[in-house]
Each structure stands twice: as C-alpha cells, then as structure tokens.
Amino acid sequence: MTETKRKWLYLVILSIIWGSSFILIKKGLIGLSPYQLGAVRTLITGIILLIFGYKKLKNLTKQEFKWVVISGFIGSFFPAFLFAIAQTEIDSAITSVLNSLVPLNAILLGFAIFGIGFTKRQFIGVIIGFTGTSILVLRGADVNPDQNYLYAGFVIVASIMYALNANIIKRFLQDTEPLAIAAGNYVGIIIPSFIVLLVSDFFSAKTLNHPDLLMSLVFIAILSIFGTALAKIVFFRLVQISTPVFASSVTYLMPVVALIWGLVDGEEFGLLQLGATIIILFGVYLANSENKGASKS
C-alpha cells in the first residue's frame, strides 16, 4: 500500500472511531460525573498502553520524553475532562461539530508558535469556519434553551489543545515511534488521573451503588480501548506520514458519524444547525486544500 493510500485509510478509521466517541461519553455520563469519567478513561487507557508499550519507553531520549509528557497533558489529560464537562450541557453531535475547529486551530497555532506559514485560502477557511461556529452556538442556544451553550467553550479549548498537540508531535516527535509516544503520554498523567478519581467521590457508596455505574464503565472501557488507546497510535502515525493539518482533518468525517449517532439517540438538530455545520466543514476543507499559487501570509 502506498503512503498516500495509507494516510487516507488511517483518516477514515480514525473518523469512525472518534466520531463514535461522543455518544460513548454521553452514555458514560449517565452513571459517572465528568471528572470521574475523565479519570477512569485516562486510567484505563494508560494501563493498556503501558502494558503494551512500556518496553518502547527506553528508546526515548530525555528531550523526546519531555515533549511526550507535555503532549500527554495537552492532548490527553485535559481534553478528557473538558469534553466530559461540555457534554453535561450540550449534545454529543454539537460537541463533534465544534471539535472540527482542530484543523483551523492547527493552522493558527502553527503560524503563531512554530512559524509555519499559511496561504490566503487557508486564512479565508479559518474565517469561514469560525463564522459557522458562531452560528452553530448561537442557534443551538435557541433550539435547546434548556442547555447552557457557554459550555461550548470547553470544547473550543480542547480543540486548541489538540491542535497544539499535533504541531508538537510534528515538530519535536516526527521520528519517534507512535507506541512510544502513546505510552509515554500516560507516564506523566496516570498518577494525576488517579488523584482526580480519589477526590471525585468515585469510591463513595453513592457512586458505587448507582444503578447505571456498570453500564457506564462498559461504555468508557470501549471508549478508552478504541477511542483513545488504539486511535492515538494511529493518529500519531498519521501525523508523521502527513501533516498536522491533514491529520487534524479527521474532523471532516467525525461529525457525520457523530450526527448519525446523535439522531439515533434522539438529539435535536435543526436545519440552521446543519447549515452551520456545512459552513464549518467547508471552512475546514478550504483551509486544508492545496493552493500552490497562493501567497504566504
């Protein structure tokens, strides 16, 4: 298989896995608080990755290990809690659409922090994408007045972290084995996650006796194994064989998968919200499309 075909295959696989993550988070929140969910998700993923990847850690240099740990906090630890908190107030489908801002943020952060240039077409794509985001959030507040759309801010912050993480991997961990990155991510965050679990009353009688606890743990276990552990290895490899923006464009297809799950689960999604979603995805597409004749900004 050629590298071009491989990167597109990875992109499709990731879109299906990550597109299903939002509904799994929603189901997990039935029996868990967002802090418990984030901590359990991180711990399960960490245990799995360290079991299979701890031998790879010895191959990391001190410089690589530093960036791997930073990547762990930015790309795994904080987003796990941010998405869970956001979905206590907004639908899983909306969360997935807002997550589509990752490629746009990857462009902006790549320019601002890493000095990576961008084209005029990419800049226009960023403007269009954020315009669609504004419409989606404002319209969502009207369609679902019982939901607090200020919580969309948690998703936006998480998308910025994901974008920063993609740039860090491309810049500092380009030649590092994906499994070593994935396992190393959790060396730094597994203990903080356990501390969060302890202070979140997970081991209290109220939580342990919750009728939906077991099913919620099953959903989060599925999310941890496939949506985090396996997907991370695939994503890191995708970044290495492509670019941060291409890898982040997995968010083109994720909302489609998430929207299908959301509609099946009875979530409301109006025509204007659909229009805003199309605007966002068009902006992301424009920002990620090649335009060799465009001047660098």
# chains A, B, ... in the order shown; residues from 1 in each chain; ligands from 1
>>> closest_atom_pairs(of="region 73-122 of chain A", to="region 142-151 of chain A", cutoff="9 Å", atoms="only C-alpha atoms", output="tab-separated table")
residue	atom	partner	partner_atom	distance
A:Ile85	CA	A:Tyr151	CA	7.7
A:Ala86	CA	A:Tyr151	CA	5.0
A:Gln87	CA	A:Tyr151	CA	8.0
A:Thr88	CA	A:Tyr151	CA	8.4
A:Glu89	CA	A:Gln147	CA	5.2
A:Ile90	CA	A:Gln147	CA	5.9
A:Asp91	CA	A:Gln147	CA	8.5
>>> write_last_selection(atoms="N, CA and C atoms", output="tab-separated table (two decimals), in the first residue's frame")
chain	number	residue	atom	x	y	z
A	85	ILE	N	-17.09	17.47	30.63
A	85	ILE	CA	-17.78	18.62	31.25
A	85	ILE	C	-18.72	19.26	30.25
A	86	ALA	N	-18.24	19.45	29.01
A	86	ALA	CA	-19.06	20.10	27.99
A	86	ALA	C	-20.35	19.32	27.73
A	87	GLN	N	-20.24	17.99	27.70
A	87	GLN	CA	-21.41	17.18	27.35
A	87	GLN	C	-22.40	16.99	28.48
A	88	THR	N	-22.13	17.61	29.61
A	88	THR	CA	-23.17	17.66	30.65
A	88	THR	C	-24.22	18.70	30.30
A	89	GLU	N	-23.91	19.57	29.31
A	89	GLU	CA	-24.83	20.65	28.95
A	89	GLU	C	-25.20	20.69	27.47
A	90	ILE	N	-24.33	20.22	26.59
A	90	ILE	CA	-24.63	20.28	25.16
A	90	ILE	C	-24.60	18.88	24.54
A	91	ASP	N	-25.32	18.71	23.44
A	91	ASP	CA	-25.46	17.41	22.81
A	91	ASP	C	-24.14	16.90	22.23
>>> select_by_dssp(residues="region 142-282 of chain A", states="alpha helix (DSSP H)", output="JSON, numbers by chain")
{"A": [142, 143, 152, 153, 154, 155, 156, 157, 158, 159, 160, 161, 162, 163, 164, 165, 166, 167, 168, 169, 170, 171, 172, 178, 179, 180, 181, 182, 183, 184, 185, 186, 187, 188, 189, 190, 191, 192, 193, 194, 195, 196, 197, 198, 199, 205, 206, 207, 208, 213, 214, 215, 216, 217, 218, 219, 220, 221, 222, 231, 232, 233, 234, 235, 236, 237, 238, 239, 240, 241, 244, 245, 246, 247, 248, 254, 255, 256, 257, 258, 259, 260, 261, 262, 263, 264, 271, 272, 273, 274, 275, 276, 277, 278, 279, 280, 281, 282]}
>>> residues_around(residues="Trp18 (chain A)", least_positions_apart="3", cutoff="7 Å", atoms="only C-alpha atoms", output="list of chain:residue names")
A:Leu14, A:Ser15, A:Ser21, A:Gly227, A:Met254
>>> write_last_selection(atoms="N, CA and C atoms", output="compact mmCIF listing (two decimals), in the first residue's frame")
# COMPACT_ATOMS: atom_id res chain seq x y z
N LEU A 14 -9.91 6.56 11.81
CA LEU A 14 -9.99 7.49 12.94
C LEU A 14 -11.33 8.21 12.99
N SER A 15 -11.86 8.56 11.82
CA SER A 15 -13.14 9.28 11.80
C SER A 15 -14.27 8.42 12.36
N SER A 21 -16.99 8.45 19.59
CA SER A 21 -16.55 8.73 20.96
C SER A 21 -17.53 9.60 21.73
N GLY A 227 -11.30 4.32 21.30
CA GLY A 227 -11.32 5.75 21.02
C GLY A 227 -10.11 6.51 21.51
N MET A 254 -15.72 13.02 11.21
CA MET A 254 -16.21 12.73 12.56
C MET A 254 -17.62 13.24 12.83
>>> residues_around(residues="region 184-195 of chain A", least_positions_apart="3", cutoff="10 Å", atoms="only C-alpha atoms", output="PyMOL selection string")
chain A and resi 35-36+38-50+53-54+56-58+60+64-78+178-181+198-200
>>> atom_distance(atom1="CA of Val196 (chain A)", atom2="CA of Val218 (chain A)")
19.9 Å
>>> atom_distance(atom1="CA of Trp261 (chain A)", atom2="CA of Leu281 (chain A)")
18.4 Å
>>> closest_residue(among="A:Gly270, A:Gln63, A:Thr243, A:Leu37", to="Thr207 (chain A)", atoms="only C-alpha atoms")
A:Leu37
>>> residues_around(residues="Ala247 (chain A)", least_positions_apart="4", cutoff="12 Å", atoms="only C-alpha atoms", output="MDAnalysis selection string")
chainID A and resid 7:15 100 102:104 106:107 162:163 165:167 169:170 231:232 234:243 251:253 288
>>> closest_residue(among="A:Leu138, A:Ala93, A:Leu259, A:Ile160", to="Gly110 (chain A)", atoms="only C-alpha atoms")
A:Ile160
>>> atom_distance(atom1="CA of Val284 (chain A)", atom2="CA of Val126 (chain A)")
7.0 Å
>>> closest_residue(among="A:Ile128, A:Leu32, A:Leu230, A:Ile156", to="Asn209 (chain A)", atoms="only C-alpha atoms")
A:Leu32
>>> decode(residues="region 149-253 of chain A", atoms="C-alpha atoms", output="compact mmCIF listing (two decimals), in the first residue's frame")
# COMPACT_ATOMS: atom_id res chain seq x y z
CA TYR A 149 -24.15 26.75 25.34
CA LEU A 150 -21.42 28.56 27.25
CA TYR A 151 -20.15 25.02 27.81
CA ALA A 152 -19.19 25.02 24.13
CA GLY A 153 -16.16 26.95 25.35
CA PHE A 154 -14.80 23.76 26.95
CA VAL A 155 -14.84 22.05 23.53
CA ILE A 156 -13.16 25.01 21.87
CA VAL A 157 -10.38 24.97 24.48
CA ALA A 158 -9.95 21.23 23.94
CA SER A 159 -9.75 21.74 20.17
CA ILE A 160 -6.95 24.27 20.71
CA MET A 161 -5.09 21.74 22.83
CA TYR A 162 -5.49 19.04 20.19
CA ALA A 163 -4.18 21.40 17.54
CA LEU A 164 -1.18 22.34 19.68
CA ASN A 165 -0.50 18.67 20.33
CA ALA A 166 -0.49 17.88 16.59
CA ASN A 167 2.08 20.61 16.00
CA ILE A 168 4.23 19.40 18.89
CA ILE A 169 4.27 15.85 17.52
CA LYS A 170 5.16 17.05 14.02
CA ARG A 171 7.85 19.45 15.24
CA PHE A 172 9.54 17.52 18.06
CA LEU A 173 8.47 13.87 17.72
CA GLN A 174 8.49 13.34 13.98
CA ASP A 175 10.74 10.26 14.10
CA THR A 176 9.55 8.84 17.44
CA GLU A 177 7.72 5.52 17.39
CA PRO A 178 3.94 6.11 17.80
CA LEU A 179 3.53 3.45 20.51
CA ALA A 180 6.37 5.05 22.50
CA ILE A 181 4.62 8.43 22.27
CA ALA A 182 1.25 6.98 23.26
CA ALA A 183 2.63 5.01 26.22
CA GLY A 184 4.87 7.88 27.29
CA ASN A 185 1.91 10.26 27.29
CA TYR A 186 0.41 8.35 30.19
CA VAL A 187 3.55 8.07 32.31
CA GLY A 188 3.05 11.68 33.29
CA ILE A 189 -0.74 11.76 33.59
CA ILE A 190 -1.77 8.42 35.07
CA ILE A 191 -0.99 9.45 38.67
CA PRO A 192 -2.77 12.85 38.41
CA SER A 193 -5.76 10.99 36.95
CA PHE A 194 -5.88 8.62 39.91
CA ILE A 195 -5.75 11.59 42.29
CA VAL A 196 -8.71 13.16 40.45
CA LEU A 197 -10.57 9.85 40.75
CA LEU A 198 -9.95 9.77 44.51
CA VAL A 199 -11.22 13.30 45.12
CA SER A 200 -14.22 12.84 42.77
CA ASP A 201 -16.00 10.52 45.26
CA PHE A 202 -15.80 7.61 42.83
CA PHE A 203 -15.35 5.16 45.71
CA SER A 204 -18.24 6.56 47.71
CA ALA A 205 -21.35 4.47 48.34
CA LYS A 206 -23.43 6.88 46.23
CA THR A 207 -21.32 6.25 43.13
CA LEU A 208 -20.68 2.54 43.64
CA ASN A 209 -24.38 1.88 44.21
CA HIS A 210 -25.52 3.86 41.17
CA PRO A 211 -27.75 1.57 39.06
CA ASP A 212 -26.09 2.67 35.81
CA LEU A 213 -22.48 2.56 37.01
CA LEU A 214 -21.59 -0.79 35.44
CA MET A 215 -23.01 0.10 32.02
CA SER A 216 -21.28 3.49 32.12
CA LEU A 217 -17.97 1.78 32.87
CA VAL A 218 -18.52 -0.55 29.91
CA PHE A 219 -19.05 2.42 27.59
CA ILE A 220 -15.95 4.18 28.92
CA ALA A 221 -13.89 0.99 28.63
CA ILE A 222 -14.86 0.79 24.94
CA LEU A 223 -14.01 4.48 24.55
CA SER A 224 -10.65 4.00 26.29
CA ILE A 225 -9.58 0.92 24.33
CA PHE A 226 -10.64 2.00 20.87
CA GLY A 227 -11.32 5.75 21.02
CA THR A 228 -8.17 6.62 22.93
CA ALA A 229 -5.53 3.89 23.13
CA LEU A 230 -5.78 2.44 19.61
CA ALA A 231 -6.76 5.72 17.99
CA LYS A 232 -3.80 7.58 19.49
CA ILE A 233 -1.29 5.22 17.94
CA VAL A 234 -3.00 5.55 14.56
CA PHE A 235 -3.19 9.36 14.90
CA PHE A 236 0.47 9.77 15.83
CA ARG A 237 1.46 7.68 12.83
CA LEU A 238 -0.86 9.70 10.61
CA VAL A 239 0.76 12.96 11.74
CA GLN A 240 4.18 11.55 10.96
CA ILE A 241 3.34 10.44 7.42
CA SER A 242 1.29 13.53 6.56
CA THR A 243 0.97 16.99 8.17
CA PRO A 244 -0.69 18.29 11.38
CA VAL A 245 -3.44 19.92 9.30
CA PHE A 246 -4.15 16.76 7.26
CA ALA A 247 -4.17 14.60 10.39
CA SER A 248 -6.46 17.06 12.13
CA SER A 249 -8.83 16.96 9.15
CA VAL A 250 -10.19 13.70 10.55
CA THR A 251 -12.75 16.15 11.91
CA TYR A 252 -14.25 16.39 8.39
CA LEU A 253 -15.83 12.98 8.79
